[in-house]
$ cat target.pdb   # PDB, C-alpha atoms and all ligand atoms
ATOM      1  CA  MET A1399       8.202  -4.567 -13.726
ATOM      2  CA  ASN A1400      11.220  -6.373 -12.400
ATOM      3  CA  MET A1401      14.305  -4.313 -13.156
ATOM      4  CA  THR A1402      17.759  -5.725 -12.936
ATOM      5  CA  THR A1403      20.651  -3.352 -12.488
ATOM      6  CA  THR A1404      21.793  -1.649 -15.663
ATOM      7  CA  PRO A1405      24.095   1.345 -15.918
ATOM      8  CA  ALA A1406      22.102   4.570 -16.185
ATOM      9  CA  PRO A1407      22.858   7.206 -18.819
ATOM     10  CA  PRO A1408      24.784  10.233 -17.531
ATOM     11  CA  VAL A1409      22.042  12.840 -17.139
ATOM     12  CA  SER A1410      19.985  13.825 -14.148
ATOM     13  CA  MET A1411      16.248  14.349 -14.048
ATOM     14  CA  ILE A1412      16.482  15.848 -10.574
ATOM     15  CA  ASP A1413      16.973  19.441 -11.551
ATOM     16  CA  PRO A1414      18.837  21.301  -8.790
ATOM     17  CA  ALA A1415      17.367  24.560 -10.055
ATOM     18  CA  VAL A1416      13.853  23.248  -9.461
ATOM     19  CA  LEU A1417      14.685  21.567  -6.193
ATOM     20  CA  PRO A1418      16.651  23.992  -4.022
ATOM     21  CA  THR A1419      19.165  22.082  -1.913
ATOM     22  CA  GLY A1420      19.092  22.261   1.847
ATOM     23  CA  ASN A1421      15.326  21.841   2.134
ATOM     24  CA  GLY A1422      13.618  18.609   2.990
ATOM     25  CA  ALA A1423      11.818  16.836   0.163
ATOM     26  CA  THR A1424       8.860  14.503   0.263
ATOM     27  CA  LEU A1425      10.007  10.958  -0.374
ATOM     28  CA  GLU A1426       7.440   8.502  -1.629
ATOM     29  CA  ALA A1427       7.742   4.775  -2.204
ATOM     30  CA  ARG A1428       5.085   3.296  -4.477
ATOM     31  CA  THR A1429       4.504  -0.462  -4.560
ATOM     32  CA  VAL A1430       8.167  -1.172  -3.930
ATOM     33  CA  ALA A1431       9.332  -4.785  -4.050
ATOM     34  CA  ALA A1432      12.925  -5.980  -3.758
ATOM     35  CA  TRP A1433      14.844  -9.200  -4.265
ATOM     36  CA  PHE A1434      18.273 -10.655  -3.634
ATOM     37  CA  ALA A1435      18.513 -13.213  -6.445
ATOM     38  CA  GLU A1436      15.342 -15.349  -6.114
ATOM     39  CA  HIS A1437      14.708 -14.296  -2.526
ATOM     40  CA  GLN A1438      11.987 -11.654  -2.288
ATOM     41  CA  ILE A1439      12.717  -9.317   0.629
ATOM     42  CA  LEU A1440      10.055  -6.612   0.266
ATOM     43  CA  ASP A1441       6.579  -6.604  -1.247
ATOM     44  CA  ASP A1442       4.157  -3.819  -2.082
ATOM     45  CA  ILE A1443       5.650  -1.100   0.124
ATOM     46  CA  SER A1444       3.869   2.216  -0.365
ATOM     47  CA  LEU A1445       4.807   5.023   1.998
ATOM     48  CA  ALA A1446       4.802   8.794   1.649
ATOM     49  CA  MET A1447       7.330  10.356   3.975
ATOM     50  CA  PRO A1448       6.433  14.037   4.255
ATOM     51  CA  ALA A1449       8.999  16.775   3.763
ATOM     52  CA  ASN A1450      10.718  18.039   6.910
ATOM     53  CA  SER A1451       9.379  15.291   9.106
ATOM     54  CA  VAL A1452      10.942  12.302  10.841
ATOM     55  CA  THR A1453       9.595   8.904   9.808
ATOM     56  CA  ALA A1454      10.593   5.932  11.962
ATOM     57  CA  ILE A1455      10.686   2.444  10.482
ATOM     58  CA  ILE A1456      10.247  -0.284  13.048
ATOM     59  CA  GLY A1457       9.912  -4.047  12.752
ATOM     60  CA  PRO A1458      11.605  -7.307  13.691
ATOM     61  CA  SER A1459      15.086  -8.234  12.565
ATOM     62  CA  GLY A1460      15.232  -9.443   8.973
ATOM     63  CA  CYS A1461      11.947  -7.863   7.813
ATOM     64  CA  GLY A1462      13.775  -5.713   5.265
ATOM     65  CA  LYS A1463      14.137  -2.292   6.903
ATOM     66  CA  SER A1464      17.746  -1.776   5.819
ATOM     67  CA  THR A1465      16.959  -3.124   2.376
ATOM     68  CA  PHE A1466      14.134  -0.592   2.096
ATOM     69  CA  LEU A1467      16.493   2.289   2.975
ATOM     70  CA  ARG A1468      18.924   1.041   0.346
ATOM     71  CA  VAL A1469      16.170   0.948  -2.253
ATOM     72  CA  LEU A1470      15.312   4.570  -1.412
ATOM     73  CA  ASN A1471      18.775   5.901  -2.270
ATOM     74  CA  ARG A1472      19.787   3.417  -4.966
ATOM     75  CA  MET A1473      22.266   1.482  -2.899
ATOM     76  CA  HIS A1474      20.290  -1.753  -3.287
ATOM     77  CA  GLU A1475      21.387  -2.053  -6.908
ATOM     78  CA  LEU A1476      25.038  -2.178  -5.809
ATOM     79  CA  VAL A1477      24.449  -5.715  -4.502
ATOM     80  CA  PRO A1478      25.069  -8.302  -7.246
ATOM     81  CA  LYS A1479      21.886 -10.121  -8.379
ATOM     82  CA  SER A1480      19.627  -7.602  -6.662
ATOM     83  CA  SER A1481      16.468  -6.453  -8.381
ATOM     84  CA  LEU A1482      13.508  -4.301  -7.571
ATOM     85  CA  ALA A1483      10.126  -3.105  -8.752
ATOM     86  CA  GLY A1484       7.993  -0.063  -8.061
ATOM     87  CA  GLU A1485       8.843   3.608  -7.854
ATOM     88  CA  VAL A1486      10.644   5.981  -5.508
ATOM     89  CA  LEU A1487       9.707   9.625  -5.922
ATOM     90  CA  LEU A1488      11.734  12.528  -4.537
ATOM     91  CA  ASP A1489       9.395  15.524  -4.598
ATOM     92  CA  GLY A1490       7.573  13.722  -7.373
ATOM     93  CA  ALA A1491      10.648  12.912  -9.499
ATOM     94  CA  ASP A1492      11.329   9.208 -10.004
ATOM     95  CA  VAL A1493      14.816   8.485  -8.681
ATOM     96  CA  TYR A1494      14.842   5.375 -10.894
ATOM     97  CA  GLY A1495      13.690   7.390 -13.909
ATOM     98  CA  ILE A1496      15.471   7.068 -17.228
ATOM     99  CA  GLY A1497      18.609   9.160 -17.175
ATOM    100  CA  VAL A1498      18.797   9.685 -13.406
ATOM    101  CA  ARG A1499      22.294   9.016 -12.147
ATOM    102  CA  PRO A1500      22.523   6.932  -8.962
ATOM    103  CA  ALA A1501      25.303   9.187  -7.638
ATOM    104  CA  GLU A1502      22.996  12.186  -7.941
ATOM    105  CA  THR A1503      20.256  10.386  -6.025
ATOM    106  CA  ARG A1504      22.710   9.389  -3.310
ATOM    107  CA  ARG A1505      23.764  12.985  -2.971
ATOM    108  CA  HIS A1506      20.171  14.134  -2.507
ATOM    109  CA  ILE A1507      19.335  11.188  -0.244
ATOM    110  CA  GLY A1508      22.202  10.789   2.228
ATOM    111  CA  MET A1509      22.765   7.961   4.648
ATOM    112  CA  VAL A1510      24.105   7.505   8.171
ATOM    113  CA  PHE A1511      24.923   3.961   9.234
ATOM    114  CA  GLN A1512      24.662   1.911  12.394
ATOM    115  CA  LYS A1513      28.362   2.006  13.107
ATOM    116  CA  PRO A1514      29.916   5.481  12.950
ATOM    117  CA  ASN A1515      32.249   5.417   9.946
ATOM    118  CA  PRO A1516      34.241   8.645   9.754
ATOM    119  CA  PHE A1517      37.491   8.469   7.813
ATOM    120  CA  PRO A1518      39.625   7.740  10.895
ATOM    121  CA  THR A1519      42.895   9.295   9.787
ATOM    122  CA  MET A1520      41.377  12.353   8.112
ATOM    123  CA  THR A1521      40.942  15.435  10.270
ATOM    124  CA  ILE A1522      37.532  16.478  11.569
ATOM    125  CA  ARG A1523      37.474  19.294   9.036
ATOM    126  CA  GLU A1524      38.485  17.011   6.156
ATOM    127  CA  ASN A1525      35.796  14.540   7.169
ATOM    128  CA  VAL A1526      33.084  17.190   6.928
ATOM    129  CA  LEU A1527      34.327  18.313   3.511
ATOM    130  CA  SER A1528      34.970  14.811   2.157
ATOM    131  CA  GLY A1529      31.482  14.333   0.714
ATOM    132  CA  LEU A1530      31.845  17.444  -1.427
ATOM    133  CA  LYS A1531      35.022  16.125  -3.003
ATOM    134  CA  LEU A1532      33.502  12.704  -3.635
ATOM    135  CA  ALA A1533      30.410  14.225  -5.229
ATOM    136  CA  GLY A1534      32.500  16.680  -7.233
ATOM    137  CA  ILE A1535      30.630  19.646  -5.731
ATOM    138  CA  LYS A1536      32.279  23.028  -5.623
ATOM    139  CA  ASN A1537      31.312  24.930  -2.501
ATOM    140  CA  GLU A1538      30.340  28.472  -3.469
ATOM    141  CA  GLY A1539      31.059  30.004  -0.068
ATOM    142  CA  SER A1540      33.919  29.534   2.336
ATOM    143  CA  ASN A1541      34.797  26.033   3.477
ATOM    144  CA  ASP A1542      35.355  27.337   7.005
ATOM    145  CA  ASP A1543      31.761  28.566   7.151
ATOM    146  CA  LEU A1544      30.456  25.285   5.749
ATOM    147  CA  VAL A1545      32.435  23.223   8.261
ATOM    148  CA  GLU A1546      31.161  25.369  11.122
ATOM    149  CA  ARG A1547      27.553  25.282   9.905
ATOM    150  CA  CYS A1548      27.466  21.523   9.458
ATOM    151  CA  LEU A1549      29.202  20.759  12.743
ATOM    152  CA  ASP A1550      26.875  23.210  14.473
ATOM    153  CA  GLN A1551      23.791  21.601  12.905
ATOM    154  CA  ALA A1552      25.064  18.198  13.973
ATOM    155  CA  GLY A1553      25.528  19.485  17.526
ATOM    156  CA  LEU A1554      29.278  18.961  17.529
ATOM    157  CA  TRP A1555      30.749  22.398  16.888
ATOM    158  CA  ARG A1556      31.291  23.484  20.493
ATOM    159  CA  GLU A1557      33.067  20.239  21.352
ATOM    160  CA  VAL A1558      35.482  20.273  18.420
ATOM    161  CA  LYS A1559      35.917  23.890  17.322
ATOM    162  CA  ASP A1560      39.392  24.083  18.846
ATOM    163  CA  ARG A1561      40.626  20.855  17.303
ATOM    164  CA  LEU A1562      39.339  20.713  13.739
ATOM    165  CA  GLY A1563      42.761  19.406  12.735
ATOM    166  CA  SER A1564      42.540  16.297  14.964
ATOM    167  CA  ALA A1565      41.780  12.915  13.475
ATOM    168  CA  GLY A1566      38.114  11.930  13.124
ATOM    169  CA  GLY A1567      38.985   8.570  14.616
ATOM    170  CA  ALA A1568      40.080  10.235  17.878
ATOM    171  CA  LEU A1569      36.525  11.269  18.799
ATOM    172  CA  SER A1570      34.166   9.302  21.035
ATOM    173  CA  GLY A1571      31.596   7.029  19.363
ATOM    174  CA  GLY A1572      28.783   9.527  19.820
ATOM    175  CA  GLN A1573      30.947  12.366  18.532
ATOM    176  CA  GLN A1574      31.971  10.244  15.539
ATOM    177  CA  GLN A1575      28.319   9.651  14.713
ATOM    178  CA  ARG A1576      27.596  13.384  14.912
ATOM    179  CA  LEU A1577      30.638  13.928  12.653
ATOM    180  CA  CYS A1578      29.071  11.492  10.166
ATOM    181  CA  ILE A1579      25.844  13.494  10.330
ATOM    182  CA  ALA A1580      27.821  16.712   9.705
ATOM    183  CA  ARG A1581      29.554  15.034   6.744
ATOM    184  CA  ALA A1582      26.202  13.934   5.336
ATOM    185  CA  LEU A1583      24.744  17.445   5.739
ATOM    186  CA  ALA A1584      27.662  19.120   3.937
ATOM    187  CA  VAL A1585      26.319  18.153   0.506
ATOM    188  CA  SER A1586      22.891  19.678   1.352
ATOM    189  CA  PRO A1587      20.817  16.513   1.077
ATOM    190  CA  ARG A1588      17.048  16.681   0.766
ATOM    191  CA  VAL A1589      16.613  13.475   2.757
ATOM    192  CA  LEU A1590      18.766  11.767   5.381
ATOM    193  CA  LEU A1591      18.355   8.025   5.910
ATOM    194  CA  MET A1592      19.577   6.759   9.279
ATOM    195  CA  ASP A1593      19.907   3.017   9.829
ATOM    196  CA  GLU A1594      19.935   2.375  13.587
ATOM    197  CA  PRO A1595      22.250   5.364  14.102
ATOM    198  CA  CYS A1596      22.340   4.996  17.891
ATOM    199  CA  SER A1597      22.617   1.259  18.352
ATOM    200  CA  ALA A1598      26.377   1.479  18.969
ATOM    201  CA  LEU A1599      26.038   4.426  21.365
ATOM    202  CA  ASP A1600      25.518   4.927  25.106
ATOM    203  CA  PRO A1601      22.241   6.495  26.379
ATOM    204  CA  THR A1602      23.675  10.019  26.675
ATOM    205  CA  SER A1603      25.071  10.011  23.150
ATOM    206  CA  THR A1604      21.789   8.535  21.948
ATOM    207  CA  LEU A1605      19.793  11.426  23.399
ATOM    208  CA  ARG A1606      22.311  13.838  21.894
ATOM    209  CA  ILE A1607      21.730  12.323  18.420
ATOM    210  CA  GLU A1608      17.974  12.512  18.947
ATOM    211  CA  GLU A1609      18.287  16.226  19.764
ATOM    212  CA  THR A1610      20.348  16.630  16.620
ATOM    213  CA  ILE A1611      17.643  14.893  14.585
ATOM    214  CA  ARG A1612      14.996  17.274  15.902
ATOM    215  CA  ASP A1613      17.325  20.235  15.245
ATOM    216  CA  ILE A1614      17.958  19.384  11.588
ATOM    217  CA  VAL A1615      14.509  18.189  10.539
ATOM    218  CA  GLY A1616      13.594  21.756   9.592
ATOM    219  CA  SER A1617      15.988  21.485   6.678
ATOM    220  CA  VAL A1618      16.060  17.803   5.777
ATOM    221  CA  THR A1619      13.522  14.975   5.706
ATOM    222  CA  ILE A1620      14.596  12.122   7.972
ATOM    223  CA  VAL A1621      13.875   8.404   7.776
ATOM    224  CA  ILE A1622      15.235   6.473  10.742
ATOM    225  CA  VAL A1623      15.282   2.730  11.330
ATOM    226  CA  THR A1624      15.275   1.868  15.005
ATOM    227  CA  HIS A1625      14.739  -1.124  17.269
ATOM    228  CA  ASN A1626      14.196   1.226  20.197
ATOM    229  CA  MET A1627      10.472   1.890  20.618
ATOM    230  CA  GLN A1628      11.090   4.772  23.034
ATOM    231  CA  GLN A1629      13.363   6.329  20.454
ATOM    232  CA  ALA A1630      10.759   6.015  17.708
ATOM    233  CA  ALA A1631       8.160   7.552  20.032
ATOM    234  CA  ARG A1632      10.493  10.384  21.093
ATOM    235  CA  VAL A1633      11.967  11.381  17.790
ATOM    236  CA  SER A1634       9.526  10.611  14.974
ATOM    237  CA  ASP A1635       6.447  12.301  13.568
ATOM    238  CA  TYR A1636       5.342   9.220  11.593
ATOM    239  CA  THR A1637       5.992   5.550  12.119
ATOM    240  CA  ALA A1638       5.843   2.627   9.711
ATOM    241  CA  PHE A1639       5.662  -0.893  11.122
ATOM    242  CA  PHE A1640       7.168  -3.515   8.797
ATOM    243  CA  LEU A1641       6.649  -7.224   9.164
ATOM    244  CA  GLY A1642       8.253 -10.113   7.295
ATOM    245  CA  ASP A1643      10.703 -12.945   7.789
ATOM    246  CA  GLU A1644      12.712 -15.532   5.874
ATOM    247  CA  GLY A1645       9.494 -17.049   4.518
ATOM    248  CA  ARG A1646       7.469 -13.936   3.732
ATOM    249  CA  PRO A1647       8.680 -10.663   2.222
ATOM    250  CA  GLY A1648       8.424  -7.566   4.388
ATOM    251  CA  THR A1649       5.298  -5.443   4.020
ATOM    252  CA  VAL A1650       3.919  -2.417   5.814
ATOM    253  CA  VAL A1651       1.436  -3.482   8.472
ATOM    254  CA  GLU A1652       0.666   0.035   9.587
ATOM    255  CA  PHE A1653       1.810   3.582   8.857
ATOM    256  CA  GLY A1654       0.600   6.741  10.517
ATOM    257  CA  PRO A1655       1.326   9.559  12.945
ATOM    258  CA  THR A1656       3.597   8.214  15.688
ATOM    259  CA  SER A1657       1.294   9.464  18.441
ATOM    260  CA  GLU A1658      -1.593   7.424  17.005
ATOM    261  CA  LEU A1659       0.393   4.323  16.130
ATOM    262  CA  PHE A1660       1.817   4.094  19.635
ATOM    263  CA  THR A1661      -1.355   4.909  21.553
ATOM    264  CA  ALA A1662      -4.095   3.430  19.379
ATOM    265  CA  PRO A1663      -2.669   1.056  16.751
ATOM    266  CA  ASN A1664      -5.147  -0.240  14.207
ATOM    267  CA  ASP A1665      -3.575  -3.655  13.831
ATOM    268  CA  PRO A1666      -3.176  -6.096  16.743
ATOM    269  CA  ARG A1667       0.232  -7.109  15.350
ATOM    270  CA  THR A1668       1.430  -3.509  15.739
ATOM    271  CA  GLU A1669       0.217  -3.474  19.315
ATOM    272  CA  ASP A1670       1.968  -6.770  20.070
ATOM    273  CA  TYR A1671       5.210  -5.559  18.529
ATOM    274  CA  ILE A1672       5.355  -2.183  20.250
ATOM    275  CA  ASN A1673       4.527  -3.844  23.538
ATOM    276  CA  GLY A1674       7.479  -6.183  23.100
ATOM    277  CA  ARG A1675       5.425  -9.342  22.627
ATOM    278  CA  PHE A1676       7.521 -10.421  19.624
ATOM    279  CA  GLY A1677      10.547  -9.366  17.542
TER     280      GLY A1677
HETATM  281  N1  LIG B1701      23.444  -8.519   0.499
HETATM  282  C1  LIG B1701      22.472  -9.424   0.722
HETATM  283  N2  LIG B1701      22.399 -10.553  -0.014
HETATM  284  C2  LIG B1701      21.422 -11.464   0.189
HETATM  285  N3  LIG B1701      20.475 -11.340   1.139
HETATM  286  C3  LIG B1701      20.498 -10.251   1.920
HETATM  287  C4  LIG B1701      21.503  -9.235   1.765
HETATM  288  N4  LIG B1701      21.275  -8.255   2.681
HETATM  289  C5  LIG B1701      20.180  -8.659   3.374
HETATM  290  N5  LIG B1701      19.714  -9.837   2.914
HETATM  291  C6  LIG B1701      18.532 -10.543   3.422
HETATM  292  O1  LIG B1701      17.405  -9.705   3.299
HETATM  293  C7  LIG B1701      16.544  -9.853   4.415
HETATM  294  C8  LIG B1701      16.276  -8.498   5.016
HETATM  295  O2  LIG B1701      17.494  -7.966   5.527
HETATM  296  P1  LIG B1701      17.598  -6.499   6.095
HETATM  297  O3  LIG B1701      19.009  -6.290   6.475
HETATM  298  O4  LIG B1701      16.983  -5.544   5.146
HETATM  299  O5  LIG B1701      16.652  -6.603   7.400
HETATM  300  P2  LIG B1701      16.466  -5.590   8.602
HETATM  301  O6  LIG B1701      15.004  -5.436   8.818
HETATM  302  O7  LIG B1701      17.279  -4.374   8.398
HETATM  303  O8  LIG B1701      17.070  -6.441   9.837
HETATM  304  P3  LIG B1701      17.847  -5.909  11.153
HETATM  305  O9  LIG B1701      16.795  -5.319  12.029
HETATM  306  O10 LIG B1701      18.422  -7.158  11.734
HETATM  307  O11 LIG B1701      18.886  -4.928  10.729
HETATM  308  C9  LIG B1701      17.192 -10.844   5.346
HETATM  309  O12 LIG B1701      16.609 -12.101   5.119
HETATM  310  C10 LIG B1701      18.644 -10.848   4.909
HETATM  311  O13 LIG B1701      19.218 -12.105   5.138
HETATM  312 MG    MG B1702      18.917  -3.519   9.316
END

$ encode --input "target.pdb" --output "structure tokens" --more "lines below"
Ligand SMILES: Nc1ncnc2c1ncn2[C@@H]1O[C@H](COP(=O)(O)OP(=O)(O)OP(=O)(O)O)[C@@H](O)[C@H]1O
Ligand SMILES: [Mg+2]
Amino acid sequence: MNMTTTPAPPVSMIDPAVLPTGNGATLEARTVAAWFAEHQILDDISLAMPANSVTAIIGPSGCGKSTFLRVLNRMHELVPKSSLAGEVLLDGADVYGIGVRPAETRRHIGMVFQKPNPFPTMTIRENVLSGLKLAGIKNEGSNDDLVERCLDQAGLWREVKDRLGSAGGALSGGQQQRLCIARALAVSPRVLLMDEPCSALDPTSTLRIEETIRDIVGSVTIVIVTHNMQQAARVSDYTAFFLGDEGRPGTVVEFGPTSELFTAPNDPRTEDYINGRFG
């Protein structure tokens, strides 16, 4: 089935009562394909990303890694003339099912981008709380507690606790990225997608983000795209190797436990890629 983007009716099939927020969910792609106009970007991607684990997606530039992340949380359909096929299941519920609102999916499946993008003139505190406002969520407890919890989870609390009223844009790049993680966590996502979250950061900030990833994976499933093989090996439980280029849509060459994929890959192309022989 090749679906073009149509507005979805205003009901959700992801029942928050059935799926308690704040816990990682299993995210499964089944035979996903994606296009920009006539150009097929992804073909036959099937991956089950287990709850409360880190899955790394690696592969050469242009093979469709970012597109795949955008399919997972319904951002792909925001691009004019995009289309897709296949299914994405969040704890078994089809996020493209009839009646599922894209905004609801994006709340359950958050995203952190390559370039830290806090609201620069908003305060640190306002940044953390901004996702709640956008999603129209009313926080049951105290906002102070939520801000502290999210900044603490993101590994930023100690550095900023005395200046929550300073502008988000006044932090260092690494701190800004941790602020973006705190902002994403504030809406209690089930899954956090991270698209090269460290590529704009220095090595120390990169390690700090990796620690943060390992700290939060107990409460949220993580899918991280990275070009850094050491990072994939350090931070992920599972790794998927994608391959594709302008001529051929991206597919999964190999998917498995990171320890196995990096030490004993099944496919010679995986071995060549992780050893830096191409891409
Ligand atoms: N908005 C868009 N409109 C049309 N084509 C696009 C769009 N975004 C990406 N593409 C194309 O889709 C293909 C896959 O791009 P994508 O950004 O998903 O790759 P990637 O694996 O994330 O690459 P990189 O490692 O460089 O970030 C590329 O050929 C790209 O030119
Ligand atoms: Mg990309």

$ closest_residue --input "target.pdb" --among "A:Ala1431, A:Leu1487, A:Leu1425, A:Ala1580" --to "ligand LIG 1701 (chain B)" --atoms "all atoms listed in the file"
A:Ala1431

$ closest_residue --input "target.pdb" --among "A:Ser1597, A:Asn1421, A:Ser1657, A:Ser1617" --to "ligand MG 1702 (chain B)" --atoms "all atoms listed in the file"
A:Ser1597

$ closest_residue --input "target.pdb" --among "A:Ala1435, A:Met1447, A:Ala1568, A:Ala1638" --to "Glu1652 in chain A" --atoms "only C-alpha atoms"
A:Ala1638

$ residues_near_ligand --input "target.pdb" --ligand "ligand MG 1702 (chain B)" --cutoff "10 Å" --atoms "only C-alpha atoms and all ligand atoms" --output "list in words"
Ile1456, Gly1457, Pro1458, Ser1459, Gly1460, Cys1461, Gly1462, Lys1463, Ser1464, Thr1465, Phe1466, Leu1467, Phe1511, Gln1512, Asp1593, Glu1594, Val1623, Thr1624 and His1625 of chain A

$ closest_residue --input "target.pdb" --among "A:Ser1480, A:Thr1610, A:Asn1450, A:Ser1603" --to "ligand LIG 1701 (chain B)" --atoms "all atoms listed in the file"
A:Ser1480

$ atom_distance --input "target.pdb" --atom1 "CA of Thr1619 in chain A" --atom2 "CA of Ala1582 in chain A"
12.7 Å

$ closest_residue --input "target.pdb" --among "A:Leu1577, A:Val1621, A:Ala1630, A:Leu1590" --to "Leu1445 in chain A" --atoms "all atoms listed in the file"
A:Val1621
